[in-house]
file data.cif (mmCIF, N, CA and C atoms)
data_final
#
loop_
_atom_site.label_atom_id
_atom_site.label_comp_id
_atom_site.auth_asym_id
_atom_site.auth_seq_id
_atom_site.Cartn_x
_atom_site.Cartn_y
_atom_site.Cartn_z
N MET A 1 14.33 -17.48 -1.70
CA MET A 1 13.17 -17.31 -0.84
C MET A 1 13.23 -15.96 -0.11
N ARG A 2 14.38 -15.61 0.41
CA ARG A 2 14.54 -14.35 1.12
C ARG A 2 14.27 -13.15 0.19
N ASP A 3 14.71 -13.25 -1.07
CA ASP A 3 14.49 -12.17 -2.02
C ASP A 3 12.99 -11.93 -2.23
N ARG A 4 12.25 -13.01 -2.31
CA ARG A 4 10.82 -12.88 -2.50
C ARG A 4 10.17 -12.17 -1.32
N MET A 5 10.58 -12.48 -0.11
CA MET A 5 10.02 -11.84 1.08
C MET A 5 10.36 -10.36 1.07
N THR A 6 11.55 -10.01 0.69
CA THR A 6 11.95 -8.61 0.65
C THR A 6 11.11 -7.85 -0.38
N ASP A 7 10.91 -8.46 -1.56
CA ASP A 7 10.09 -7.83 -2.58
C ASP A 7 8.67 -7.62 -2.08
N THR A 8 8.11 -8.62 -1.42
CA THR A 8 6.76 -8.52 -0.88
C THR A 8 6.69 -7.47 0.22
N ASP A 9 7.67 -7.50 1.12
CA ASP A 9 7.71 -6.51 2.19
C ASP A 9 7.78 -5.09 1.62
N THR A 10 8.62 -4.91 0.62
CA THR A 10 8.76 -3.59 0.00
C THR A 10 7.44 -3.15 -0.64
N ALA A 11 6.78 -4.04 -1.33
CA ALA A 11 5.49 -3.71 -1.95
C ALA A 11 4.46 -3.36 -0.88
N ASP A 12 4.46 -4.10 0.22
CA ASP A 12 3.52 -3.80 1.31
C ASP A 12 3.82 -2.44 1.91
N GLU A 13 5.10 -2.13 2.09
CA GLU A 13 5.47 -0.83 2.65
C GLU A 13 5.04 0.30 1.73
N ILE A 14 5.25 0.09 0.43
CA ILE A 14 4.86 1.12 -0.54
C ILE A 14 3.35 1.30 -0.51
N GLY A 15 2.61 0.21 -0.49
CA GLY A 15 1.15 0.28 -0.43
C GLY A 15 0.67 0.98 0.83
N THR A 16 1.31 0.72 1.95
CA THR A 16 0.95 1.36 3.22
C THR A 16 1.23 2.85 3.16
N GLU A 17 2.36 3.24 2.58
CA GLU A 17 2.70 4.66 2.47
C GLU A 17 1.69 5.39 1.60
N ALA A 18 1.30 4.77 0.50
CA ALA A 18 0.32 5.38 -0.39
C ALA A 18 -1.03 5.54 0.31
N THR A 19 -1.43 4.53 1.07
CA THR A 19 -2.68 4.60 1.81
C THR A 19 -2.62 5.70 2.87
N THR A 20 -1.50 5.81 3.55
CA THR A 20 -1.33 6.85 4.56
C THR A 20 -1.43 8.22 3.93
N GLU A 21 -0.81 8.41 2.76
CA GLU A 21 -0.88 9.69 2.06
C GLU A 21 -2.32 10.05 1.72
N LYS A 22 -3.10 9.07 1.24
CA LYS A 22 -4.49 9.34 0.89
C LYS A 22 -5.31 9.67 2.14
N ARG A 23 -5.07 8.92 3.22
CA ARG A 23 -5.81 9.15 4.45
C ARG A 23 -5.53 10.53 5.03
N ARG A 24 -4.27 10.92 4.96
CA ARG A 24 -3.87 12.19 5.56
C ARG A 24 -4.60 13.33 4.88
N GLY A 25 -4.68 13.30 3.56
CA GLY A 25 -5.48 14.26 2.83
C GLY A 25 -4.89 15.65 2.67
N ALA A 26 -4.23 16.17 3.65
CA ALA A 26 -3.68 17.52 3.57
C ALA A 26 -2.16 17.44 3.49
N PRO A 27 -1.57 18.41 2.81
CA PRO A 27 -0.10 18.42 2.73
C PRO A 27 0.53 18.72 4.09
N SER A 28 1.79 18.74 4.11
CA SER A 28 2.56 18.93 5.34
C SER A 28 1.92 19.93 6.29
N ARG A 29 1.55 19.46 7.44
CA ARG A 29 0.92 20.35 8.43
C ARG A 29 1.88 21.44 8.88
N LEU A 30 3.11 21.07 9.13
CA LEU A 30 4.08 22.06 9.60
C LEU A 30 4.27 23.15 8.54
N GLY A 31 4.44 22.75 7.30
CA GLY A 31 4.61 23.73 6.22
C GLY A 31 3.40 24.64 6.08
N ARG A 32 2.22 24.05 6.14
CA ARG A 32 0.99 24.84 6.04
C ARG A 32 0.88 25.83 7.18
N VAL A 33 1.16 25.36 8.39
CA VAL A 33 1.04 26.23 9.55
C VAL A 33 2.07 27.36 9.48
N LEU A 34 3.30 27.04 9.09
CA LEU A 34 4.33 28.08 9.01
C LEU A 34 3.98 29.14 7.97
N LEU A 35 3.56 28.70 6.79
CA LEU A 35 3.19 29.66 5.75
C LEU A 35 1.96 30.45 6.17
N GLY A 36 0.95 29.76 6.66
CA GLY A 36 -0.29 30.44 7.06
C GLY A 36 -0.09 31.43 8.18
N VAL A 37 0.66 31.04 9.20
CA VAL A 37 0.92 31.95 10.32
C VAL A 37 1.76 33.14 9.85
N GLY A 38 2.72 32.88 8.97
CA GLY A 38 3.54 33.98 8.45
C GLY A 38 2.69 35.01 7.71
N LEU A 39 1.80 34.54 6.86
CA LEU A 39 0.91 35.45 6.13
C LEU A 39 -0.02 36.21 7.08
N ALA A 40 -0.63 35.47 8.00
CA ALA A 40 -1.57 36.09 8.93
C ALA A 40 -0.87 37.09 9.85
N ALA A 41 0.33 36.77 10.29
CA ALA A 41 1.07 37.69 11.17
C ALA A 41 1.43 38.97 10.44
N GLN A 42 1.84 38.85 9.18
CA GLN A 42 2.16 40.05 8.40
C GLN A 42 0.92 40.90 8.20
N ALA A 43 -0.21 40.26 7.91
CA ALA A 43 -1.46 41.00 7.76
C ALA A 43 -1.84 41.71 9.05
N SER A 44 -1.62 41.04 10.16
CA SER A 44 -1.91 41.63 11.46
C SER A 44 -1.07 42.89 11.69
N GLU A 45 0.20 42.81 11.31
CA GLU A 45 1.09 43.98 11.42
C GLU A 45 0.58 45.11 10.53
N ASP A 46 0.14 44.77 9.33
CA ASP A 46 -0.38 45.80 8.42
C ASP A 46 -1.61 46.47 9.01
N PHE A 47 -2.49 45.69 9.64
CA PHE A 47 -3.69 46.26 10.25
C PHE A 47 -3.35 47.14 11.45
N ARG A 48 -2.34 46.75 12.22
CA ARG A 48 -1.95 47.55 13.39
C ARG A 48 -1.45 48.93 12.99
N ASP A 49 -0.84 49.01 11.84
CA ASP A 49 -0.28 50.28 11.37
C ASP A 49 -0.82 50.59 9.97
N MET A 50 -2.14 50.59 9.85
CA MET A 50 -2.78 50.72 8.55
C MET A 50 -2.47 52.06 7.88
N GLU A 51 -2.31 53.12 8.65
CA GLU A 51 -1.99 54.41 8.04
C GLU A 51 -0.67 54.35 7.28
N ASP A 52 0.34 53.70 7.87
CA ASP A 52 1.62 53.54 7.18
C ASP A 52 1.49 52.60 5.98
N THR A 53 0.66 51.58 6.12
CA THR A 53 0.44 50.63 5.02
C THR A 53 -0.21 51.36 3.84
N ILE A 54 -1.18 52.19 4.12
CA ILE A 54 -1.86 52.97 3.07
C ILE A 54 -0.87 53.95 2.44
N GLU A 55 -0.08 54.61 3.27
CA GLU A 55 0.91 55.56 2.75
C GLU A 55 1.94 54.86 1.85
N TYR A 56 2.36 53.68 2.27
CA TYR A 56 3.33 52.91 1.48
C TYR A 56 2.71 52.49 0.14
N ALA A 57 1.45 52.05 0.17
CA ALA A 57 0.75 51.68 -1.06
C ALA A 57 0.60 52.90 -1.98
N GLU A 58 0.28 54.03 -1.40
CA GLU A 58 0.14 55.26 -2.18
C GLU A 58 1.46 55.64 -2.84
N SER A 59 2.56 55.50 -2.10
CA SER A 59 3.88 55.84 -2.66
C SER A 59 4.28 54.89 -3.79
N ALA A 60 3.71 53.69 -3.80
CA ALA A 60 3.99 52.72 -4.87
C ALA A 60 3.05 52.90 -6.06
N GLY A 61 2.14 53.87 -5.97
CA GLY A 61 1.24 54.14 -7.08
C GLY A 61 0.02 53.24 -7.13
N VAL A 62 -0.31 52.62 -6.01
CA VAL A 62 -1.50 51.75 -5.97
C VAL A 62 -2.75 52.63 -6.06
N PRO A 63 -3.67 52.33 -6.98
CA PRO A 63 -4.90 53.12 -7.06
C PRO A 63 -5.78 52.88 -5.83
N ALA A 64 -6.43 53.93 -5.38
CA ALA A 64 -7.32 53.88 -4.21
C ALA A 64 -6.66 53.14 -3.04
N PRO A 65 -5.51 53.61 -2.59
CA PRO A 65 -4.78 52.89 -1.54
C PRO A 65 -5.54 52.78 -0.22
N ASP A 66 -6.44 53.73 0.05
CA ASP A 66 -7.22 53.67 1.29
C ASP A 66 -8.22 52.52 1.27
N VAL A 67 -8.55 52.00 0.09
CA VAL A 67 -9.41 50.82 -0.04
C VAL A 67 -8.56 49.58 -0.32
N ALA A 68 -7.59 49.71 -1.21
CA ALA A 68 -6.79 48.56 -1.64
C ALA A 68 -5.94 47.98 -0.51
N ALA A 69 -5.33 48.82 0.31
CA ALA A 69 -4.44 48.32 1.36
C ALA A 69 -5.19 47.49 2.41
N PRO A 70 -6.31 48.01 2.96
CA PRO A 70 -7.04 47.16 3.92
C PRO A 70 -7.60 45.89 3.27
N PHE A 71 -8.07 46.00 2.01
CA PHE A 71 -8.59 44.82 1.31
C PHE A 71 -7.50 43.77 1.15
N ALA A 72 -6.32 44.20 0.69
CA ALA A 72 -5.20 43.27 0.49
C ALA A 72 -4.76 42.65 1.81
N SER A 73 -4.74 43.43 2.87
CA SER A 73 -4.36 42.91 4.18
C SER A 73 -5.38 41.90 4.68
N GLY A 74 -6.66 42.19 4.46
CA GLY A 74 -7.72 41.24 4.84
C GLY A 74 -7.63 39.96 4.04
N MET A 75 -7.33 40.10 2.76
CA MET A 75 -7.18 38.93 1.89
C MET A 75 -6.02 38.06 2.39
N MET A 76 -4.92 38.71 2.77
CA MET A 76 -3.76 37.97 3.26
C MET A 76 -4.07 37.30 4.61
N LEU A 77 -4.81 37.96 5.46
CA LEU A 77 -5.18 37.38 6.76
C LEU A 77 -6.06 36.15 6.57
N VAL A 78 -7.09 36.26 5.75
CA VAL A 78 -8.00 35.14 5.50
C VAL A 78 -7.25 33.99 4.82
N ALA A 79 -6.40 34.31 3.86
CA ALA A 79 -5.61 33.28 3.18
C ALA A 79 -4.70 32.56 4.16
N GLY A 80 -4.04 33.32 5.03
CA GLY A 80 -3.14 32.71 6.00
C GLY A 80 -3.85 31.77 6.95
N VAL A 81 -4.97 32.21 7.48
CA VAL A 81 -5.74 31.35 8.39
C VAL A 81 -6.26 30.13 7.65
N GLY A 82 -6.76 30.31 6.45
CA GLY A 82 -7.27 29.19 5.65
C GLY A 82 -6.20 28.16 5.34
N ILE A 83 -5.00 28.62 5.02
CA ILE A 83 -3.90 27.70 4.73
C ILE A 83 -3.47 26.97 6.00
N ALA A 84 -3.32 27.70 7.08
CA ALA A 84 -2.88 27.09 8.33
C ALA A 84 -3.86 26.02 8.81
N LEU A 85 -5.15 26.28 8.67
CA LEU A 85 -6.18 25.33 9.13
C LEU A 85 -6.62 24.37 8.03
N TRP A 86 -6.17 24.61 6.81
CA TRP A 86 -6.54 23.85 5.62
C TRP A 86 -8.06 23.81 5.45
N ARG A 87 -8.67 25.00 5.56
CA ARG A 87 -10.10 25.18 5.35
C ARG A 87 -10.27 25.95 4.05
N LEU A 88 -11.19 25.51 3.20
CA LEU A 88 -11.38 26.10 1.88
C LEU A 88 -10.01 26.29 1.22
N PRO A 89 -9.24 25.21 1.10
CA PRO A 89 -7.85 25.33 0.65
C PRO A 89 -7.68 25.91 -0.75
N ARG A 90 -8.62 25.66 -1.65
CA ARG A 90 -8.49 26.23 -3.00
C ARG A 90 -8.62 27.75 -2.95
N LEU A 91 -9.59 28.21 -2.20
CA LEU A 91 -9.80 29.65 -2.05
C LEU A 91 -8.62 30.29 -1.31
N ALA A 92 -8.21 29.68 -0.21
CA ALA A 92 -7.13 30.24 0.61
C ALA A 92 -5.81 30.31 -0.15
N THR A 93 -5.44 29.20 -0.79
CA THR A 93 -4.17 29.20 -1.51
C THR A 93 -4.24 30.09 -2.75
N GLY A 94 -5.39 30.11 -3.41
CA GLY A 94 -5.56 30.99 -4.57
C GLY A 94 -5.43 32.46 -4.18
N ALA A 95 -6.03 32.81 -3.05
CA ALA A 95 -5.93 34.20 -2.56
C ALA A 95 -4.48 34.55 -2.21
N ALA A 96 -3.78 33.62 -1.59
CA ALA A 96 -2.37 33.87 -1.24
C ALA A 96 -1.52 34.05 -2.49
N VAL A 97 -1.74 33.19 -3.49
CA VAL A 97 -0.98 33.29 -4.74
C VAL A 97 -1.28 34.61 -5.43
N ALA A 98 -2.55 34.99 -5.51
CA ALA A 98 -2.93 36.25 -6.16
C ALA A 98 -2.30 37.43 -5.41
N PHE A 99 -2.45 37.44 -4.09
CA PHE A 99 -1.89 38.52 -3.28
C PHE A 99 -0.39 38.64 -3.49
N LEU A 100 0.32 37.52 -3.31
CA LEU A 100 1.78 37.56 -3.39
C LEU A 100 2.28 37.92 -4.78
N THR A 101 1.60 37.46 -5.81
CA THR A 101 2.01 37.78 -7.18
C THR A 101 1.90 39.28 -7.44
N ILE A 102 0.78 39.85 -7.08
CA ILE A 102 0.54 41.28 -7.34
C ILE A 102 1.44 42.15 -6.46
N VAL A 103 1.45 41.87 -5.17
CA VAL A 103 2.20 42.71 -4.24
C VAL A 103 3.71 42.62 -4.48
N THR A 104 4.19 41.43 -4.76
CA THR A 104 5.63 41.27 -4.95
C THR A 104 6.11 42.09 -6.14
N ALA A 105 5.37 42.05 -7.22
CA ALA A 105 5.79 42.76 -8.43
C ALA A 105 5.56 44.27 -8.35
N THR A 106 4.52 44.71 -7.65
CA THR A 106 4.20 46.14 -7.65
C THR A 106 4.77 46.89 -6.45
N MET A 107 4.76 46.27 -5.29
CA MET A 107 5.18 46.99 -4.08
C MET A 107 6.67 46.82 -3.77
N HIS A 108 7.26 45.76 -4.24
CA HIS A 108 8.66 45.49 -3.89
C HIS A 108 9.54 45.43 -5.14
N ASP A 109 9.30 46.35 -6.05
CA ASP A 109 10.08 46.42 -7.29
C ASP A 109 11.43 47.10 -7.01
N PHE A 110 12.33 46.36 -6.41
CA PHE A 110 13.62 46.90 -5.97
C PHE A 110 14.42 47.49 -7.11
N TRP A 111 14.19 47.04 -8.33
CA TRP A 111 14.93 47.54 -9.48
C TRP A 111 14.57 49.00 -9.78
N ASN A 112 13.42 49.47 -9.27
CA ASN A 112 13.02 50.87 -9.44
C ASN A 112 13.24 51.70 -8.18
N ALA A 113 13.66 51.08 -7.09
CA ALA A 113 13.76 51.76 -5.80
C ALA A 113 14.97 52.69 -5.76
N ASP A 114 14.87 53.70 -4.90
CA ASP A 114 16.01 54.57 -4.63
C ASP A 114 17.11 53.74 -4.00
N GLU A 115 18.32 54.22 -4.12
CA GLU A 115 19.47 53.47 -3.59
C GLU A 115 19.31 53.17 -2.09
N ASP A 116 18.73 54.09 -1.33
CA ASP A 116 18.53 53.88 0.11
C ASP A 116 17.53 52.77 0.41
N ASP A 117 16.54 52.60 -0.47
CA ASP A 117 15.48 51.63 -0.24
C ASP A 117 15.71 50.29 -0.95
N LYS A 118 16.67 50.26 -1.86
CA LYS A 118 16.87 49.09 -2.73
C LYS A 118 17.09 47.80 -1.94
N SER A 119 17.91 47.83 -0.91
CA SER A 119 18.24 46.63 -0.14
C SER A 119 17.01 46.06 0.57
N GLY A 120 16.24 46.93 1.22
CA GLY A 120 15.03 46.49 1.92
C GLY A 120 13.98 45.95 0.97
N GLU A 121 13.82 46.60 -0.18
CA GLU A 121 12.85 46.13 -1.17
C GLU A 121 13.28 44.80 -1.78
N ARG A 122 14.59 44.64 -2.00
CA ARG A 122 15.09 43.37 -2.53
C ARG A 122 14.81 42.25 -1.54
N LEU A 123 15.07 42.51 -0.27
CA LEU A 123 14.81 41.50 0.77
C LEU A 123 13.33 41.13 0.81
N ALA A 124 12.45 42.13 0.77
CA ALA A 124 11.01 41.88 0.79
C ALA A 124 10.58 41.12 -0.48
N PHE A 125 11.16 41.49 -1.62
CA PHE A 125 10.84 40.83 -2.88
C PHE A 125 11.16 39.34 -2.81
N PHE A 126 12.37 39.01 -2.38
CA PHE A 126 12.76 37.60 -2.35
C PHE A 126 12.06 36.82 -1.23
N GLY A 127 11.74 37.49 -0.13
CA GLY A 127 10.94 36.84 0.91
C GLY A 127 9.55 36.49 0.40
N ASN A 128 8.94 37.44 -0.31
CA ASN A 128 7.63 37.17 -0.91
C ASN A 128 7.72 36.09 -1.98
N LEU A 129 8.81 36.10 -2.74
CA LEU A 129 8.99 35.09 -3.77
C LEU A 129 9.04 33.68 -3.15
N ALA A 130 9.73 33.56 -2.01
CA ALA A 130 9.79 32.27 -1.32
C ALA A 130 8.39 31.85 -0.83
N MET A 131 7.65 32.81 -0.25
CA MET A 131 6.29 32.49 0.20
C MET A 131 5.40 32.13 -0.99
N LEU A 132 5.59 32.81 -2.11
CA LEU A 132 4.81 32.50 -3.32
C LEU A 132 5.09 31.07 -3.78
N GLY A 133 6.34 30.66 -3.70
CA GLY A 133 6.68 29.27 -4.05
C GLY A 133 5.94 28.28 -3.17
N GLY A 134 5.93 28.53 -1.87
CA GLY A 134 5.20 27.66 -0.95
C GLY A 134 3.71 27.67 -1.24
N ALA A 135 3.16 28.84 -1.49
CA ALA A 135 1.73 28.95 -1.78
C ALA A 135 1.37 28.20 -3.07
N LEU A 136 2.25 28.24 -4.06
CA LEU A 136 2.00 27.51 -5.31
C LEU A 136 2.00 26.00 -5.08
N VAL A 137 2.89 25.53 -4.23
CA VAL A 137 2.92 24.09 -3.90
C VAL A 137 1.60 23.69 -3.24
N PHE A 138 1.14 24.49 -2.29
CA PHE A 138 -0.10 24.16 -1.60
C PHE A 138 -1.31 24.35 -2.51
N LEU A 139 -1.25 25.30 -3.44
CA LEU A 139 -2.34 25.47 -4.41
C LEU A 139 -2.47 24.20 -5.24
N ARG A 140 -1.36 23.65 -5.66
CA ARG A 140 -1.39 22.40 -6.42
C ARG A 140 -1.99 21.27 -5.59
N GLU A 141 -1.60 21.19 -4.33
CA GLU A 141 -2.15 20.17 -3.43
C GLU A 141 -3.66 20.35 -3.24
N ALA A 142 -4.10 21.58 -3.19
CA ALA A 142 -5.53 21.85 -2.98
C ALA A 142 -6.38 21.35 -4.14
N PHE A 143 -5.79 21.27 -5.33
CA PHE A 143 -6.54 20.84 -6.50
C PHE A 143 -6.34 19.37 -6.83
N LYS A 144 -5.67 18.63 -5.98
CA LYS A 144 -5.51 17.18 -6.21
C LYS A 144 -6.76 16.45 -5.83
#

call {"tool": "encode", "arguments": {"input": "data.cif", "output": "structure tokens"}}
result
Amino acid sequence: MRDRMTDTDTADEIGTEATTEKRRGAPSRLGRVLLGVGLAAQASEDFRDMEDTIEYAESAGVPAPDVAAPFASGMMLVAGVGIALWRLPRLATGAAVAFLTIVTATMHDFWNADEDDKSGERLAFFGNLAMLGGALVFLREAFK
């Protein structure tokens, strides 16, 4: 008799957890806020020092850096806010994934960097890679 109650209780708990997951609708709030705020804060830093951001993009061979750098920073800002607030999540996470994929490979190519810059570029590359992983998880959640 006790075994039956345990089985029933377990099934009820599982059903309740599944219902809670559906009701919640959005993935981990803390994770979303941390990723979103991180992206938005970095974009804010880029906007505060846009001349250096443009110069850095130009040194990496980005075409039309005076247009591309502000556009990319704006894209990152909007993506970060969208992820943090979980508004237009498909657009926000897609923008973050696109931004991080392109920027990580083109701007932080540590394997091509001078010896003096290699360590900083490697750090930025792997930091972006970690954020890209988080953005991909949330992109998947946005399409569920």

call {"tool": "closest_residue", "arguments": {"input": "data.cif", "among": "A:Leu39, A:Arg122, A:Met50, A:Glu141", "to": "A:Ala79", "atoms": "only N, CA and C atoms"}}
result
A:Leu39

call {"tool": "closest_atom_pairs", "arguments": {"input": "data.cif", "of": "stretch 89-123 of chain A", "to": "stretch 134-138 of chain A", "cutoff": "7 Å", "atoms": "all atoms listed in the file", "output": "Markdown table"}}
result
| residue | atom | partner | partner_atom | distance |
| --- | --- | --- | --- | --- |
| A:Pro89 | C | A:Phe138 | C | 6.8 |
| A:Thr93 | CA | A:Phe138 | C | 5.7 |
| A:Ala96 | C | A:Ala135 | CA | 6.1 |
| A:Val97 | N | A:Ala135 | CA | 5.7 |

call {"tool": "atom_distance", "arguments": {"input": "data.cif", "atom1": "atom C of A:Leu30", "atom2": "atom CA of A:Ser73"}}
result
22.0 Å

call {"tool": "resolve_selection", "arguments": {"input": "data.cif", "expression": "the PyMOL selection byres ((chain A and resi 107-112) around 8)", "output": "PyMOL selection string"}}
result
chain A and resi 56-57+59-61+101-106+113-115+117-126

call {"tool": "write_last_selection", "arguments": {"input": "data.cif", "atoms": "N, CA and C atoms", "output": "JSON list (two decimals), in the frame of the given file"}}
result
[["chain", "number", "residue", "atom", "x", "y", "z"],
["A", 56, "TYR", "N", 2.36, 53.68, 2.27],
["A", 56, "TYR", "CA", 3.33, 52.91, 1.48],
["A", 56, "TYR", "C", 2.71, 52.49, 0.14],
["A", 57, "ALA", "N", 1.45, 52.05, 0.17],
["A", 57, "ALA", "CA", 0.75, 51.68, -1.06],
["A", 57, "ALA", "C", 0.60, 52.90, -1.98],
["A", 59, "SER", "N", 2.56, 55.50, -2.10],
["A", 59, "SER", "CA", 3.88, 55.84, -2.66],
["A", 59, "SER", "C", 4.28, 54.89, -3.79],
["A", 60, "ALA", "N", 3.71, 53.69, -3.80],
["A", 60, "ALA", "CA", 3.99, 52.72, -4.87],
["A", 60, "ALA", "C", 3.05, 52.90, -6.06],
["A", 61, "GLY", "N", 2.14, 53.87, -5.97],
["A", 61, "GLY", "CA", 1.24, 54.14, -7.08],
["A", 61, "GLY", "C", 0.02, 53.24, -7.13],
["A", 101, "THR", "N", 1.60, 37.46, -5.81],
["A", 101, "THR", "CA", 2.01, 37.78, -7.18],
["A", 101, "THR", "C", 1.90, 39.28, -7.44],
["A", 102, "ILE", "N", 0.78, 39.85, -7.08],
["A", 102, "ILE", "CA", 0.54, 41.28, -7.34],
["A", 102, "ILE", "C", 1.44, 42.15, -6.46],
["A", 103, "VAL", "N", 1.45, 41.87, -5.17],
["A", 103, "VAL", "CA", 2.20, 42.71, -4.24],
["A", 103, "VAL", "C", 3.71, 42.62, -4.48],
["A", 104, "THR", "N", 4.19, 41.43, -4.76],
["A", 104, "THR", "CA", 5.63, 41.27, -4.95],
["A", 104, "THR", "C", 6.11, 42.09, -6.14],
["A", 105, "ALA", "N", 5.37, 42.05, -7.22],
["A", 105, "ALA", "CA", 5.79, 42.76, -8.43],
["A", 105, "ALA", "C", 5.56, 44.27, -8.35],
["A", 106, "THR", "N", 4.52, 44.71, -7.65],
["A", 106, "THR", "CA", 4.20, 46.14, -7.65],
["A", 106, "THR", "C", 4.77, 46.89, -6.45],
["A", 113, "ALA", "N", 13.66, 51.08, -7.09],
["A", 113, "ALA", "CA", 13.76, 51.76, -5.80],
["A", 113, "ALA", "C", 14.97, 52.69, -5.76],
["A", 114, "ASP", "N", 14.87, 53.70, -4.90],
["A", 114, "ASP", "CA", 16.01, 54.57, -4.63],
["A", 114, "ASP", "C", 17.11, 53.74, -4.00],
["A", 115, "GLU", "N", 18.32, 54.22, -4.12],
["A", 115, "GLU", "CA", 19.47, 53.47, -3.59],
["A", 115, "GLU", "C", 19.31, 53.17, -2.09],
["A", 117, "ASP", "N", 16.54, 52.60, -0.47],
["A", 117, "ASP", "CA", 15.48, 51.63, -0.24],
["A", 117, "ASP", "C", 15.71, 50.29, -0.95],
["A", 118, "LYS", "N", 16.67, 50.26, -1.86],
["A", 118, "LYS", "CA", 16.87, 49.09, -2.73],
["A", 118, "LYS", "C", 17.09, 47.80, -1.94],
["A", 119, "SER", "N", 17.91, 47.83, -0.91],
["A", 119, "SER", "CA", 18.24, 46.63, -0.14],
["A", 119, "SER", "C", 17.01, 46.06, 0.57],
["A", 120, "GLY", "N", 16.24, 46.93, 1.22],
["A", 120, "GLY", "CA", 15.03, 46.49, 1.92],
["A", 120, "GLY", "C", 13.98, 45.95, 0.97],
["A", 121, "GLU", "N", 13.82, 46.60, -0.18],
["A", 121, "GLU", "CA", 12.85, 46.13, -1.17],
["A", 121, "GLU", "C", 13.28, 44.80, -1.78],
["A", 122, "ARG", "N", 14.59, 44.64, -2.00],
["A", 122, "ARG", "CA", 15.09, 43.37, -2.53],
["A", 122, "ARG", "C", 14.81, 42.25, -1.54],
["A", 123, "LEU", "N", 15.07, 42.51, -0.27],
["A", 123, "LEU", "CA", 14.81, 41.50, 0.77],
["A", 123, "LEU", "C", 13.33, 41.13, 0.81],
["A", 124, "ALA", "N", 12.45, 42.13, 0.77],
["A", 124, "ALA", "CA", 11.01, 41.88, 0.79],
["A", 124, "ALA", "C", 10.58, 41.12, -0.48],
["A", 125, "PHE", "N", 11.16, 41.49, -1.62],
["A", 125, "PHE", "CA", 10.84, 40.83, -2.88],
["A", 125, "PHE", "C", 11.16, 39.34, -2.81],
["A", 126, "PHE", "N", 12.37, 39.01, -2.38],
["A", 126, "PHE", "CA", 12.76, 37.60, -2.35],
["A", 126, "PHE", "C", 12.06, 36.82, -1.23]]

call {"tool": "resolve_selection", "arguments": {"input": "data.cif", "expression": "the PyMOL selection byres ((chain A and resi 74-77) around 8)", "output": "count of residues only"}}
result
25

call {"tool": "atom_distance", "arguments": {"input": "data.cif", "atom1": "atom CA of A:Arg90", "atom2": "atom N of A:Arg29"}}
result
16.0 Å

call {"tool": "atom_distance", "arguments": {"input": "data.cif", "atom1": "atom N of A:Arg32", "atom2": "atom CA of A:Ala84"}}
result
6.3 Å

call {"tool": "select_by_dssp", "arguments": {"input": "data.cif", "residues": "stretch 15-111 of chain A", "states": "helix (DSSP H, G or I)", "output": "ChimeraX atom specification"}}
result
/A:15-24,29-48,50-59,65-85,89-107,110-111

call {"tool": "closest_residue", "arguments": {"input": "data.cif", "among": "A:Gly127, A:Val67, A:Leu139, A:Asp116", "to": "A:Gly94", "atoms": "all atoms listed in the file"}}
result
A:Leu139

call {"tool": "closest_residue", "arguments": {"input": "data.cif", "among": "A:Leu88, A:Leu129, A:Glu55, A:Asp49", "to": "A:Ala142", "atoms": "only N, CA and C atoms"}}
result
A:Leu88
